[in-house]
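Below you'll find the structure, written out as structure tokens, and then a few comments.
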Amino acid sequence: MHFEEFLKYTPKIQNAELPATQAHAKMAPTNRLDLLKAIDFTKVIPKRAAVLMLFYPKASQTHLALILRTSYNGVHSSQIAFPGGKVEASDADLSHTALRETHEEIGVHPKHVTLVRPFTEVYIPPSNFMVYPFLGYSTSDLDFVLQEEEVAGLVEFPLTDFMNDAIIVNTIMKTSYAGSIEVPGFQVNEHFVWGATAMMLSELKDTLKLVL
């Protein structure tokens with residue numbers, strides 16, 4: 001989709017009713033929903049993080065920015081994710097966290113980003129994080145600068161590919177909380193996107209289907 005055409009739909013996206021957990025459930029691993037039902041959030045007290053679902057023009061076509069996390073000794077090593085990170089005490093609010101972390105990780109300054117709206121938060125049991133996604137866009141030609149310590153690569157995801165249901169696939173894999181189970185996700189070129197990021201992408205996709 002041409003980026004100027006996409007921009008015309010942002011008011012509708014802003015006012016759309018979010019499909020929330022209904023959309024998340026489509027991309028939840030087999031036992032994820034049962035696990036969430038059993039959690040008492042007053043006891044676990046999740047840490048908070050925020051991410052940015054950033055749309056931007058590339059060759060006039062609408063793209064979505066994803067990152068490849070570096071390999072490290074942790075549950076999210078080498079995974080595809082949105083730029084973002086944990087809340088710091090100096091952050092004014094969650095949207096500030098998403099913008100600050102995006103600037104740090106991929107070099108996009110907050111002044112170049114227009115926030116559209118927040119989306120539904122997603123809880124990540126293995127790391128005990130509640131992640132708050134925000135949708136935003138940039139009309140600028142972006143010159144990405146990656147934070148080498150945390151970001152191994154940038155995945156530029158065309159909106160036309162994202163809206164194609166053929167990229168939704170299932171695969172058998174091992175997770176941090178189960179043995180080999182069937183996991184739904186998005187096949188983005190050579191990358192399989194699953195877990196919390198896939199759940200957020202699912203809500204984003206279902207919302208876009210309502211308005212595009």
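Residue numbers start at 1 in each chain; chains themselves are named A, B, ... in the order of the structure tokens; ligands are numbered from 1 in the order shown.
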Polymer residues at most 10 Å from Val169 of chain A, only C-alpha atoms, same-chain spacing of 3 or more positions, as an mmCIF file with C-alpha atoms, in the first residue's frame:
data_model
loop_
_atom_site.group_PDB
_atom_site.id
_atom_site.type_symbol
_atom_site.label_atom_id
_atom_site.label_comp_id
_atom_site.auth_asym_id
_atom_site.auth_seq_id
_atom_site.Cartn_x
_atom_site.Cartn_y
_atom_site.Cartn_z
ATOM 1 C CA MET A 27 -1.185 -16.463 18.110
ATOM 2 C CA ASP A 165 -2.828 -14.468 5.460
ATOM 3 C CA ALA A 166 -0.443 -16.910 3.777
ATOM 4 C CA VAL A 183 3.251 -22.737 17.930
ATOM 5 C CA PRO A 184 1.412 -20.307 15.614
ATOM 6 C CA GLY A 185 3.234 -17.329 14.165
ATOM 7 C CA PHE A 186 4.127 -15.182 11.175
ATOM 8 C CA GLN A 187 6.672 -16.248 8.574
ATOM 9 C CA PHE A 192 9.503 -17.054 12.297
ATOM 10 C CA VAL A 193 7.800 -14.498 14.562
ATOM 11 C CA TRP A 194 6.000 -16.019 17.532
#
Problem set entry | Backbone DSSP call of strand (DSSP E) for segment 26-210 of chain A, listed as number ranges by chain | A: 47-58, 61-69, 80-81, 84-86, 114-118, 122-124, 129-137, 151-158, 168-175, 178-188, 191-193
Could you name the residues that touch Asp34 of chain A at 12 Å or less, counting only C-alpha atoms, but leaving out those on the same chain fewer than 5 positions away, as a short mmCIF file (atom, residue, chain, number, x, y, z; two decimals) with N, CA and C atoms, in the first residue's frame?
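What follows is the written file out06.cif:
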data_model
loop_
_atom_site.label_atom_id
_atom_site.label_comp_id
_atom_site.auth_asym_id
_atom_site.auth_seq_id
_atom_site.Cartn_x
_atom_site.Cartn_y
_atom_site.Cartn_z
N ALA A 25 -5.28 -14.41 21.19
CA ALA A 25 -5.47 -15.86 21.33
C ALA A 25 -5.11 -16.62 20.05
N ALA A 28 -1.43 -17.36 20.35
CA ALA A 28 -0.93 -17.86 21.63
C ALA A 28 -0.55 -19.33 21.50
N PRO A 29 0.65 -19.73 21.97
CA PRO A 29 1.00 -21.15 21.98
C PRO A 29 -0.04 -21.97 22.75
N ILE A 39 -2.58 -17.02 36.59
CA ILE A 39 -1.66 -16.05 37.19
C ILE A 39 -2.42 -15.01 38.01
N PRO A 125 5.04 -14.46 30.41
CA PRO A 125 5.32 -15.21 31.64
C PRO A 125 6.80 -15.51 31.90
#
Problem set entry | Nearby residues (only C-alpha atoms) at most 8 Å from Glu101 of chain A, same-chain spacing under 2 positions excluded, as a VMD selection string | chain A and resid 51 83 to 85 97 to 99 103 to 105
Could you write those residues out with all heavy atoms, as a PDB file, in the first residue's frame?
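Result saved to selection.pdb:
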ATOM      1  N   VAL A  51       6.680  -0.951  23.645  1.00  0.00           N
ATOM      2  CA  VAL A  51       7.271  -1.117  22.316  1.00  0.00           C
ATOM      3  C   VAL A  51       6.525  -0.234  21.313  1.00  0.00           C
ATOM      4  O   VAL A  51       5.408   0.212  21.565  1.00  0.00           O
ATOM      5  CB  VAL A  51       7.226  -2.584  21.850  1.00  0.00           C
ATOM      6  CG1 VAL A  51       8.017  -3.479  22.804  1.00  0.00           C
ATOM      7  CG2 VAL A  51       5.794  -3.076  21.720  1.00  0.00           C
ATOM      8  N   PRO A  83      10.860  -2.678  18.271  1.00  0.00           N
ATOM      9  CA  PRO A  83      11.784  -1.889  19.082  1.00  0.00           C
ATOM     10  C   PRO A  83      11.088  -1.427  20.353  1.00  0.00           C
ATOM     11  O   PRO A  83       9.917  -1.068  20.333  1.00  0.00           O
ATOM     12  CB  PRO A  83      12.140  -0.710  18.171  1.00  0.00           C
ATOM     13  CG  PRO A  83      11.037  -0.644  17.159  1.00  0.00           C
ATOM     14  CD  PRO A  83      10.569  -2.048  16.976  1.00  0.00           C
ATOM     15  N   GLY A  84      11.811  -1.481  21.464  1.00  0.00           N
ATOM     16  CA  GLY A  84      11.218  -1.090  22.736  1.00  0.00           C
ATOM     17  C   GLY A  84      11.993  -1.694  23.880  1.00  0.00           C
ATOM     18  O   GLY A  84      12.995  -2.385  23.679  1.00  0.00           O
ATOM     19  N   GLY A  85      11.517  -1.452  25.095  1.00  0.00           N
ATOM     20  CA  GLY A  85      12.221  -1.976  26.249  1.00  0.00           C
ATOM     21  C   GLY A  85      11.546  -1.594  27.545  1.00  0.00           C
ATOM     22  O   GLY A  85      10.423  -1.082  27.552  1.00  0.00           O
ATOM     23  N   THR A  97       8.421   5.742  27.067  1.00  0.00           N
ATOM     24  CA  THR A  97       9.297   4.569  27.070  1.00  0.00           C
ATOM     25  C   THR A  97       9.450   3.998  25.668  1.00  0.00           C
ATOM     26  O   THR A  97      10.571   3.719  25.216  1.00  0.00           O
ATOM     27  CB  THR A  97       8.722   3.471  27.993  1.00  0.00           C
ATOM     28  OG1 THR A  97       8.576   3.979  29.311  1.00  0.00           O
ATOM     29  CG2 THR A  97       9.638   2.255  28.020  1.00  0.00           C
ATOM     30  N   ALA A  98       8.330   3.820  24.972  1.00  0.00           N
ATOM     31  CA  ALA A  98       8.365   3.248  23.623  1.00  0.00           C
ATOM     32  C   ALA A  98       9.190   4.118  22.674  1.00  0.00           C
ATOM     33  O   ALA A  98      10.005   3.603  21.893  1.00  0.00           O
ATOM     34  CB  ALA A  98       6.945   3.084  23.085  1.00  0.00           C
ATOM     35  N   LEU A  99       9.007   5.424  22.754  1.00  0.00           N
ATOM     36  CA  LEU A  99       9.741   6.346  21.874  1.00  0.00           C
ATOM     37  C   LEU A  99      11.219   6.401  22.238  1.00  0.00           C
ATOM     38  O   LEU A  99      12.086   6.404  21.354  1.00  0.00           O
ATOM     39  CB  LEU A  99       9.126   7.741  21.957  1.00  0.00           C
ATOM     40  CG  LEU A  99       7.719   7.887  21.373  1.00  0.00           C
ATOM     41  CD1 LEU A  99       7.131   9.245  21.737  1.00  0.00           C
ATOM     42  CD2 LEU A  99       7.753   7.719  19.848  1.00  0.00           C
ATOM     43  N   HIS A 103      14.320   5.087  19.849  1.00  0.00           N
ATOM     44  CA  HIS A 103      15.437   5.966  19.501  1.00  0.00           C
ATOM     45  C   HIS A 103      16.766   5.303  19.818  1.00  0.00           C
ATOM     46  O   HIS A 103      17.710   5.317  19.012  1.00  0.00           O
ATOM     47  CB  HIS A 103      15.306   7.284  20.277  1.00  0.00           C
ATOM     48  CG  HIS A 103      16.310   8.315  19.870  1.00  0.00           C
ATOM     49  ND1 HIS A 103      16.717   9.332  20.702  1.00  0.00           N
ATOM     50  CD2 HIS A 103      17.011   8.491  18.712  1.00  0.00           C
ATOM     51  CE1 HIS A 103      17.593  10.087  20.090  1.00  0.00           C
ATOM     52  NE2 HIS A 103      17.796   9.598  18.873  1.00  0.00           N
ATOM     53  N   GLU A 104      16.841   4.684  20.984  1.00  0.00           N
ATOM     54  CA  GLU A 104      18.082   4.030  21.400  1.00  0.00           C
ATOM     55  C   GLU A 104      18.410   2.820  20.535  1.00  0.00           C
ATOM     56  O   GLU A 104      19.569   2.595  20.183  1.00  0.00           O
ATOM     57  CB  GLU A 104      17.985   3.601  22.864  1.00  0.00           C
ATOM     58  CG  GLU A 104      17.924   4.770  23.849  1.00  0.00           C
ATOM     59  CD  GLU A 104      17.708   4.315  25.279  1.00  0.00           C
ATOM     60  OE1 GLU A 104      17.675   3.077  25.513  1.00  0.00           O
ATOM     61  OE2 GLU A 104      17.563   5.177  26.164  1.00  0.00           O
ATOM     62  N   GLU A 105      17.397   2.041  20.179  1.00  0.00           N
ATOM     63  CA  GLU A 105      17.644   0.773  19.497  1.00  0.00           C
ATOM     64  C   GLU A 105      17.812   0.894  17.994  1.00  0.00           C
ATOM     65  O   GLU A 105      18.626   0.178  17.399  1.00  0.00           O
ATOM     66  CB  GLU A 105      16.523  -0.219  19.823  1.00  0.00           C
ATOM     67  CG  GLU A 105      16.532  -0.678  21.276  1.00  0.00           C
ATOM     68  CD  GLU A 105      15.575  -1.808  21.550  1.00  0.00           C
ATOM     69  OE1 GLU A 105      14.603  -1.979  20.768  1.00  0.00           O
ATOM     70  OE2 GLU A 105      15.788  -2.523  22.534  1.00  0.00           O
TER      71      GLU A 105
END
Problem set entry | Residues within 12 Å of Leu64 of chain A, only C-alpha atoms, excluding chain neighbours under 5 positions, as a PyMOL selection string | chain A and resi 1+3+6+52-58+81-83+135-138+142+154-163+188+201+204-205
Selected residues written out, N, CA and C atoms, as a tab-separated table (two decimals), in the first residue's frame:
chain	number	residue	atom	x	y	z
A	1	MET	N	0.84	-1.20	0.00
A	1	MET	CA	0.00	0.00	0.00
A	1	MET	C	0.87	1.25	0.00
A	3	PHE	N	2.19	4.78	0.94
A	3	PHE	CA	2.19	5.34	2.29
A	3	PHE	C	1.18	6.46	2.45
A	6	PHE	N	-2.06	4.93	3.16
A	6	PHE	CA	-2.12	4.42	4.53
A	6	PHE	C	-2.43	5.54	5.53
A	52	LEU	N	7.18	0.00	20.19
A	52	LEU	CA	6.59	0.83	19.14
A	52	LEU	C	6.38	0.03	17.87
A	53	MET	N	5.13	0.01	17.40
A	53	MET	CA	4.79	-0.58	16.10
A	53	MET	C	4.86	0.57	15.10
A	54	LEU	N	6.03	0.71	14.47
A	54	LEU	CA	6.34	1.89	13.66
A	54	LEU	C	6.14	1.63	12.17
A	55	PHE	N	5.23	2.38	11.57
A	55	PHE	CA	5.04	2.37	10.12
A	55	PHE	C	5.78	3.55	9.51
A	56	TYR	N	6.29	3.35	8.29
A	56	TYR	CA	7.08	4.39	7.62
A	56	TYR	C	7.13	4.10	6.12
A	57	PRO	N	7.47	5.11	5.30
A	57	PRO	CA	7.55	4.87	3.86
A	57	PRO	C	8.93	4.39	3.43
A	58	LYS	N	8.94	3.42	2.54
A	58	LYS	CA	10.17	2.99	1.89
A	58	LYS	C	9.84	2.79	0.42
A	81	ALA	N	11.31	-8.91	17.24
A	81	ALA	CA	10.50	-8.12	18.18
A	81	ALA	C	10.26	-6.73	17.60
A	82	PHE	N	9.42	-5.98	18.29
A	82	PHE	CA	9.30	-4.56	18.01
A	82	PHE	C	10.39	-3.82	18.78
A	83	PRO	N	10.86	-2.68	18.27
A	83	PRO	CA	11.78	-1.89	19.08
A	83	PRO	C	11.09	-1.43	20.35
A	135	LEU	N	1.12	2.24	18.54
A	135	LEU	CA	1.20	2.38	17.09
A	135	LEU	C	1.59	3.81	16.75
A	136	GLY	N	2.57	3.93	15.87
A	136	GLY	CA	2.98	5.26	15.43
A	136	GLY	C	3.47	5.20	13.99
A	137	TYR	N	3.70	6.36	13.42
A	137	TYR	CA	4.23	6.40	12.05
A	137	TYR	C	5.20	7.56	11.90
A	138	SER	N	6.05	7.43	10.92
A	138	SER	CA	6.97	8.51	10.56
A	138	SER	C	6.80	8.80	9.07
A	142	LEU	N	13.70	7.37	6.76
A	142	LEU	CA	14.43	7.02	7.97
A	142	LEU	C	15.81	6.45	7.67
A	154	LEU	N	17.74	-5.29	11.35
A	154	LEU	CA	16.44	-4.66	11.14
A	154	LEU	C	15.66	-5.47	10.11
A	155	VAL	N	14.40	-5.72	10.38
A	155	VAL	CA	13.52	-6.43	9.45
A	155	VAL	C	12.46	-5.44	8.97
A	156	GLU	N	12.54	-5.06	7.71
A	156	GLU	CA	11.59	-4.11	7.13
A	156	GLU	C	10.46	-4.91	6.47
A	157	PHE	N	9.29	-4.78	7.06
A	157	PHE	CA	8.16	-5.65	6.75
A	157	PHE	C	7.10	-4.86	5.95
A	158	PRO	N	6.96	-5.11	4.65
A	158	PRO	CA	5.96	-4.39	3.86
A	158	PRO	C	4.54	-4.68	4.34
A	159	LEU	N	3.72	-3.66	4.37
A	159	LEU	CA	2.33	-3.83	4.82
A	159	LEU	C	1.58	-4.82	3.94
A	160	THR	N	1.84	-4.82	2.64
A	160	THR	CA	1.15	-5.74	1.75
A	160	THR	C	1.46	-7.20	2.12
A	161	ASP	N	2.70	-7.48	2.53
A	161	ASP	CA	3.06	-8.83	2.97
A	161	ASP	C	2.39	-9.15	4.29
A	162	PHE	N	2.36	-8.18	5.20
A	162	PHE	CA	1.77	-8.38	6.52
A	162	PHE	C	0.29	-8.75	6.41
A	163	MET	N	-0.43	-8.14	5.48
A	163	MET	CA	-1.86	-8.36	5.35
A	163	MET	C	-2.19	-9.65	4.60
A	188	VAL	N	8.07	-14.30	8.30
A	188	VAL	CA	8.54	-13.05	7.70
A	188	VAL	C	9.90	-13.31	7.05
A	201	LEU	N	1.17	-8.49	16.85
A	201	LEU	CA	0.95	-8.38	15.40
A	201	LEU	C	-0.45	-8.84	15.01
A	204	LEU	N	-2.83	-6.06	15.75
A	204	LEU	CA	-2.62	-5.01	14.76
A	204	LEU	C	-3.23	-5.40	13.43
A	205	LYS	N	-3.01	-6.63	13.00
A	205	LYS	CA	-3.54	-7.09	11.71
A	205	LYS	C	-5.07	-7.08	11.71
Problem set entry | Residues within 8 Å of Ile13 of chain A, only C-alpha atoms, excluding chain neighbours under 6 positions, as a PyMOL selection string | chain A and resi 116+207-208+211
Can those selected residues be exported to a file as a PDB file, in the first residue's frame so that it contains C-alpha atoms?
ATOM      1  CA  VAL A 116      -1.656   7.094  16.790  1.00  0.00           C
ATOM      2  CA  THR A 207      -7.533  -3.939  13.547  1.00  0.00           C
ATOM      3  CA  LEU A 208      -6.180  -2.989  10.134  1.00  0.00           C
ATOM      4  CA  VAL A 211     -10.434  -0.202   8.507  1.00  0.00           C
TER       5      VAL A 211
END
For this session: Kindly indicate which residue among A:Thr30, A:Gln22, A:Pro11, A:Glu148 lies nearest to Lys174 of chain A, using only C-alpha atoms for the distances.
Result: A:Thr30
For this session: Fewer than 6 positions away in the same chain doesn't count, so skip those; otherwise give me all residues within 9 Å of Met200 of chain A, counting only C-alpha atoms, as a ChimeraX atom specification.
Result: /A:20,23-24,27,119-122,133
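In this comparison, which uses only C-alpha atoms, the residue of A:Gln14, A:Met199, A:Ser95, A:Pro110 approaching Ile168 of chain A most closely is A:Met199.
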Problem set entry | One-decimal distance in Å that lies between atom CA of Gln147 of chain A and atom CA of Phe134 of chain A | 20.5 Å
Exercise. Which one of A:Ser140, A:Thr171, A:Thr114, A:Ser180 sits closest to Thr10 of chain A if you count only C-alpha atoms?
Worked result: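 Nearest candidate to Thr10 of chain A out of A:Ser140, A:Thr171, A:Thr114, A:Ser180: A:Thr114.
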Exercise. So which one's closest to Asn15 of chain A, A:Pro118, A:Gly153, A:Ala89, A:Ile167? Using only C-alpha atoms, please.
Worked result: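 Nearest to Asn15 of chain A: A:Pro118.
Atom pair atom CA of Val87 of chain A / atom CA of Lys47 of chain A: separated by 8.1 Å.
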For this session: Go through segment 8-118 of chain A and collect every residue that DSSP, computed from the backbone, puts in alpha helix (DSSP H); the answer should be as a PyMOL selection string.
Result: chain A and resi 8+10-15+20-26+32-37+41-44+94-106
Let me see the file: selected residues, N, CA and C atoms, as a compact mmCIF listing (two decimals), in the first residue's frame.
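Once everything was written out, this is part_37.txt:
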# COMPACT_ATOMS: atom_id res chain seq x y z
N LYS A 8 -4.24 8.06 5.27
CA LYS A 8 -5.65 8.43 5.26
C LYS A 8 -6.48 7.59 6.23
N THR A 10 -5.37 6.46 9.22
CA THR A 10 -4.96 6.56 10.63
C THR A 10 -6.06 7.08 11.56
N PRO A 11 -6.93 8.01 11.14
CA PRO A 11 -8.03 8.40 12.03
C PRO A 11 -8.96 7.23 12.34
N LYS A 12 -9.21 6.36 11.35
CA LYS A 12 -10.06 5.20 11.57
C LYS A 12 -9.38 4.20 12.52
N ILE A 13 -8.06 4.04 12.36
CA ILE A 13 -7.32 3.16 13.26
C ILE A 13 -7.41 3.69 14.69
N GLN A 14 -7.31 4.99 14.82
CA GLN A 14 -7.35 5.62 16.14
C GLN A 14 -8.68 5.37 16.85
N ASN A 15 -9.75 5.28 16.09
CA ASN A 15 -11.09 5.15 16.68
C ASN A 15 -11.64 3.73 16.64
N ALA A 20 -8.29 -6.96 20.92
CA ALA A 20 -7.65 -7.32 22.20
C ALA A 20 -7.33 -8.81 22.30
N THR A 21 -7.74 -9.42 23.43
CA THR A 21 -7.34 -10.80 23.70
C THR A 21 -7.89 -11.79 22.68
N GLN A 22 -8.96 -11.44 22.00
CA GLN A 22 -9.51 -12.31 20.96
C GLN A 22 -8.48 -12.48 19.84
N ALA A 23 -7.82 -11.38 19.50
CA ALA A 23 -6.77 -11.44 18.47
C ALA A 23 -5.51 -12.08 19.03
N HIS A 24 -5.18 -11.77 20.28
CA HIS A 24 -3.99 -12.37 20.89
C HIS A 24 -4.08 -13.89 20.90
N ALA A 25 -5.28 -14.41 21.19
CA ALA A 25 -5.47 -15.86 21.33
C ALA A 25 -5.11 -16.62 20.05
N LYS A 26 -5.26 -15.97 18.90
CA LYS A 26 -4.95 -16.64 17.63
C LYS A 26 -3.48 -17.02 17.53
N ARG A 32 -0.60 -21.43 26.47
CA ARG A 32 -0.36 -20.06 26.95
C ARG A 32 -1.58 -19.47 27.65
N LEU A 33 -2.76 -19.66 27.08
CA LEU A 33 -3.97 -19.07 27.64
C LEU A 33 -4.30 -19.67 29.00
N ASP A 34 -4.12 -20.99 29.15
CA ASP A 34 -4.37 -21.63 30.44
C ASP A 34 -3.39 -21.12 31.49
N LEU A 35 -2.15 -20.91 31.07
CA LEU A 35 -1.13 -20.40 31.97
C LEU A 35 -1.48 -19.00 32.46
N LEU A 36 -1.99 -18.16 31.55
CA LEU A 36 -2.34 -16.79 31.92
C LEU A 36 -3.52 -16.75 32.89
N LYS A 37 -4.48 -17.64 32.70
CA LYS A 37 -5.66 -17.68 33.57
C LYS A 37 -5.28 -17.99 35.02
N PHE A 41 -1.92 -11.52 39.18
CA PHE A 41 -1.03 -10.39 38.91
C PHE A 41 -0.78 -9.52 40.14
N THR A 42 -1.61 -9.64 41.15
CA THR A 42 -1.35 -8.90 42.39
C THR A 42 -0.17 -9.49 43.15
N LYS A 43 0.16 -10.75 42.82
CA LYS A 43 1.28 -11.41 43.49
C LYS A 43 2.56 -11.38 42.66
N VAL A 44 2.44 -11.59 41.36
CA VAL A 44 3.65 -11.63 40.53
C VAL A 44 4.20 -10.22 40.26
N LEU A 94 4.24 5.58 29.53
CA LEU A 94 4.59 4.40 28.73
C LEU A 94 4.92 4.75 27.28
N SER A 95 4.23 5.74 26.72
CA SER A 95 4.53 6.14 25.34
C SER A 95 5.94 6.72 25.26
N HIS A 96 6.36 7.42 26.30
CA HIS A 96 7.72 7.96 26.36
C HIS A 96 8.73 6.82 26.35
N THR A 97 8.42 5.74 27.07
CA THR A 97 9.30 4.57 27.07
C THR A 97 9.45 4.00 25.67
N ALA A 98 8.33 3.82 24.97
CA ALA A 98 8.36 3.25 23.62
C ALA A 98 9.19 4.12 22.67
N LEU A 99 9.01 5.42 22.75
CA LEU A 99 9.74 6.35 21.87
C LEU A 99 11.22 6.40 22.24
N ARG A 100 11.53 6.45 23.53
CA ARG A 100 12.93 6.51 23.97
C ARG A 100 13.69 5.26 23.56
N GLU A 101 13.06 4.11 23.81
CA GLU A 101 13.73 2.85 23.48
C GLU A 101 13.90 2.67 21.97
N THR A 102 12.91 3.12 21.20
CA THR A 102 13.02 3.04 19.74
C THR A 102 14.18 3.91 19.26
N HIS A 103 14.32 5.09 19.85
CA HIS A 103 15.44 5.97 19.50
C HIS A 103 16.77 5.30 19.82
N GLU A 104 16.84 4.68 20.98
CA GLU A 104 18.08 4.03 21.40
C GLU A 104 18.41 2.82 20.53
N GLU A 105 17.40 2.04 20.18
CA GLU A 105 17.64 0.77 19.50
C GLU A 105 17.81 0.89 17.99
N ILE A 106 17.03 1.77 17.35
CA ILE A 106 17.13 1.85 15.88
C ILE A 106 17.37 3.27 15.37
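Counting only C-alpha atoms and comparing A:Arg48, A:Lys86, A:His109, A:Lys209, the residue that lies closest to Tyr9 of chain A is A:Lys209.
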Problem set entry | Counting only C-alpha atoms, the residue of A:Leu18, A:Met173, A:Ile80, A:Ile45 that sits nearest Asn189 of chain A |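 When distances to Asn189 of chain A are compared using only C-alpha atoms, the smallest one comes from A:Ile80.
Taking atom CA of Ala16 of chain A as the reference point, atom CA of Ile67 of chain A is found at 26.6 Å.
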